[in-house]
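Peer 1: After the structure tokens below, expect a handful of questions from me.
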Amino acid sequence: MRLAGWTCALLSSKIIVQDMARICLRGSALAIAPRLSYFSHMDGSFSRILVIYKTANPEAGILARTVAAWLEEMHFHALGPESAETDYDTSADCAIVLGGDGTILGAARRLAGKNIPVFGINFGRVGFLTTANPGDWMPKLQCALAGQMPVRNCLALTWELRRHEHLLAGGVAANDVVISCGSLARLLSLELKIDDGEMGTLRSDGLIVSTPLGSSGYTISAGGPLLKPDMNAMILTPVCPFVTNISPLVFPQGTLVKLRLTSLRDTWLTIDGQEGHSLRHGDIVRIGGWPDAMQFFGDDAQFFERLRSRGFNLEDCQAR
């Protein structure tokens with residue numbers, strides 16, 4: 001069944017939506033209903049297939065052209081191949097992304113809210129978000145396009161940066177939003193507010209606000225929890241908090257996180273490790289959850305297999 005569209009509801013105040021890929025919050029998070037954990041195109045309704053590749057990887061570009069030619073032979077309409085750095089067509093039914101996790105994250109962020117599932121072919125070191133490898137892409141892609149592979153819906157983050165009540169920047173994060181020190185390793189101070197509740201001032205090396213999809217990256221390295229990618233939740237993980245026992249926190253999708261920088265240190269706001277903004281004293285960052293904003297081909301079995309293959313394992317025994 002194809003997801004027909006998005007129903008957006010305002011929780012407590014206005015939301016500015018700019019072309020559904022750039023979301024800025026005003027006092028609330030974006031709620032989207034209904035939620036579907038999985039959906040598949042069982043009727044074979046895929047027609048327009050966007051092909052994206054990492055520009056800096058020549059092998060990815062070669063295979064992208066091969067994939068596009070194969071799609072045309074199979075009577076699909078291939079859009080591309082397009083470089084990941086270009087303004088590619090987002091009117092596709094699904095997207096094939098050839099690159100590493102960073103390339104896939106960038107594509108997922110730009111496709112957020114457009115109901116375009118992503119099929120990743122790994123050309124990176126980790127490949128945590130990928131569905132296939134360069135050597136086995138064809139049978140897996142055939143399965144996906146035939147509607148025989150489930151699609152995971154994943155939460156994204158919406159964020160905005162304000163200075164003196166003026167909106168400076170805003171957008172979507174697929175992995176995480178991070179506030180951290182700049183050139184010198186010194187503590188920063190953040191006033192932390194969750195919805196309408198004041199939590200006080202956090203002194204630390206930084207703060208990570210992550211999606212479940214991004215929990216296997218910077219978050220878990222900083223001592224945060226690992227969440228299943230299809231959960232609709234947000235994770236707050238302090239980085240080396242100073243003289244405090246605050247633990248990582250997990251909040252539901254509708255939570256609004258408000259951060260105010262109270263220190264004078266060189267501080268940066270980083271989105272998915274790919275976009276950065278310099279912060280000043282008094283700047284305010286608001287972060288909310290966008291449920292089911294991103295779609296990826298694959299199922300739970302692939303997720304747990306990736307965990308095992310990347311060191312997230314216990315004793316070598318079978319579950320009973």
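All residue names refer to the structure tokens as shown: chains lettered A, B, ... in order, residues numbered from 1 in each chain, ligands numbered from 1 in order.
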Hey, what's within 9 Å of segment 99-104 of chain A if we count only C-alpha atoms and toss same-chain stuff fewer than 2 positions away? As a list of chain:residue names, please?
Peer 2: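 Here the answer would be A:Ile52, A:Tyr53, A:Lys54, A:Thr55, A:Asn57, A:Ala60, A:Ala84, A:Val97, A:Gly106, A:Ala107, A:Ala108, A:Arg109, A:Val118, A:Phe119, A:Gly120, A:Ile121, A:Asn122, A:Phe123, A:Gly124, A:Arg125, A:Val126, A:Gly127, A:Phe128, A:Leu129, A:Thr130, A:Asp272, A:Gly273, A:Gln274.
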Peer 1: Among the residues of segment 117-310 of chain A, find those DSSP assigns to alpha helix (DSSP H) from the backbone and print them as number ranges by chain.
Peer 2: A: 137-145, 218-221, 300-309
Peer 1: Which polymer residues have any atom within 7 Å of an atom of segment 252-261 of chain A, counting only C-alpha atoms, with same-chain residues fewer than 6 positions away left out, as a PyMOL selection string?
Peer 2: chain A and resi 28-31+189-195+232-234+281-289+291
Peer 1: One decimal, in Å: what's the spacing between atom CA of Trp159 of chain A and atom CA of Ser83 of chain A?
Peer 2: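 Those two atoms sit 25.9 Å apart.
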Peer 1: May I ask which of the residues A:Leu111, A:Val209, A:Ala174, A:Leu71 is the closest one to Asp87 of chain A, counting only C-alpha atoms?
Peer 2: A:Leu111
Peer 1: For atom CA of Gly61 of chain A and atom CA of Asn115 of chain A, quote the distance in Å rounded to one decimal.
Peer 2: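 According to the coordinates, atom CA of Gly61 of chain A and atom CA of Asn115 of chain A are separated by 25.0 Å.
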